[in-house]
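**Student:** Okay, here's the structure, questions in a sec.
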Amino acid sequence: MNFDTYKYVVVEGPIGVGKTTLATKIATRFEAQILLEQPADNPFLERFYRDSARYALPAQMCFLFQRVNQLQAMARADLFDAQVVSDFLLDKDPLFARLTLADDELNLYHQLYEHIHPQAPTPDLVIYLQASPETLIDRVRKRGVAIENGISEPYLNRLCESYSRFFHDYDKAPVMIVNTEHLNPIGSDEDFELLLTHIKDMRGKREFFNRGE
């Protein structure tokens with residue numbers, strides 16, 4: 001993987017797919033700057049998982065402000081001139097809003113999003129990790145994060161479908177779509193190297209990496 005080519009890499013995917021851990025592993029390997037979401041700093045998130053109708057808007061707005069502030073801080077420090085790996089794509093933020101907000105809340109969200117979102121740099125590469133909702137719920141339960149106890153499989157089903165629709169139309173940056181059902185680039189060094197090799201060998205703007213059993 002040549003970071004002279006991929007200076008700004010984003011690892012994306014639904015909850016439990018391993019995007020934060022993989023982003024951290026890539027950044028460590030290539031001594032890059034790391035830019036991560038901070039779900040533990042969102043005071044509404046646990047309440048959202050328990051009562052989504054009531055807490056969707058404050059949870060969504062808290063994440064939006066958090067992501068915008070992080071990107072602006074990186075830009076002010078000129079850190080995007082260095083090598084950066086992130087576990088979130090700002091363009092994806094409205095995906096969660098459409099999934100969770102009522103119509104009037106969604107209209108308010110869109111107004112705020114258009115008003116405050118920065119002109120974030122376009123990634124040189126997006127690594128989109130996929131897994132089935134059943135696999136995701138199993139991974140979420142195994143890692144045992146308290147604020148995630150309220151996540152349901154129906155919610156993960158809707159989330160996976162929303163991610164698929166989003167990346168079906170996304171064309172701002174090259175995308176490597178990785179099925180993680182039978183690939184473990186986080187826990188297996190062999191699989192990690194295999195993923196890096198596939199990225200290095202990318203020739204088009206969109207490629208799929210799906211290893212069977």
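Please note that chains go A, B, ... in the order of the structure tokens, that every chain numbers its residues from 1, and that ligands are numbered from 1 in the order shown.
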DSSP says helix (DSSP H, G or I) for which residues of region 3-185 of chain A? Put them as a count of residues only?
**Tutor:** 105
**Student:** Skip region 7-20 of chain A itself and residues of its chain fewer than 2 positions away, then list as a ChimeraX atom specification all residues within 9 Å of it, counting only C-alpha atoms.
**Tutor:** /A:2-5,22-25,32,36-37,80-89,121-131,135-140,143,156,159-160,163,180,186
**Student:** Determine, counting only C-alpha atoms, which protein, DNA and RNA residues have an atom within 10 Å of an atom of Ser52 (chain A); residues of the same chain fewer than 5 positions away are not included. Present the result as a PDB file with C-alpha atoms, in the first residue's frame.
**Tutor:**
ATOM      1  CA  PHE A  44     -27.139  10.701  23.935  1.00  0.00           C
ATOM      2  CA  LEU A  45     -25.937   7.508  22.257  1.00  0.00           C
ATOM      3  CA  GLU A  46     -26.824   4.971  24.933  1.00  0.00           C
ATOM      4  CA  ARG A  47     -30.253   6.589  25.349  1.00  0.00           C
ATOM      5  CA  LEU A  57     -32.044  14.002  16.893  1.00  0.00           C
ATOM      6  CA  ALA A  59     -27.539  11.889  19.148  1.00  0.00           C
ATOM      7  CA  THR A 100     -33.566   7.513  12.347  1.00  0.00           C
ATOM      8  CA  LEU A 101     -35.175  10.964  12.166  1.00  0.00           C
ATOM      9  CA  GLY A 150     -29.538  -1.706  23.185  1.00  0.00           C
TER      10      GLY A 150
END
**Student:** Using only C-alpha atoms, pick whichever of A:Leu194, A:Pro133, A:Gly144, A:Ala173 has the shortest atom-to-atom distance to Asn157 (chain A).
**Tutor:**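 Ranked by minimum distance to Asn157 (chain A), first place goes to A:Pro133.
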**Student:** What does the structure give for the distance between CA of Pro94 (chain A) and CA of Met202 (chain A), in Å to one decimal?
**Tutor:**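 If I compute the distance from CA of Pro94 (chain A) to CA of Met202 (chain A), I get 28.3 Å.
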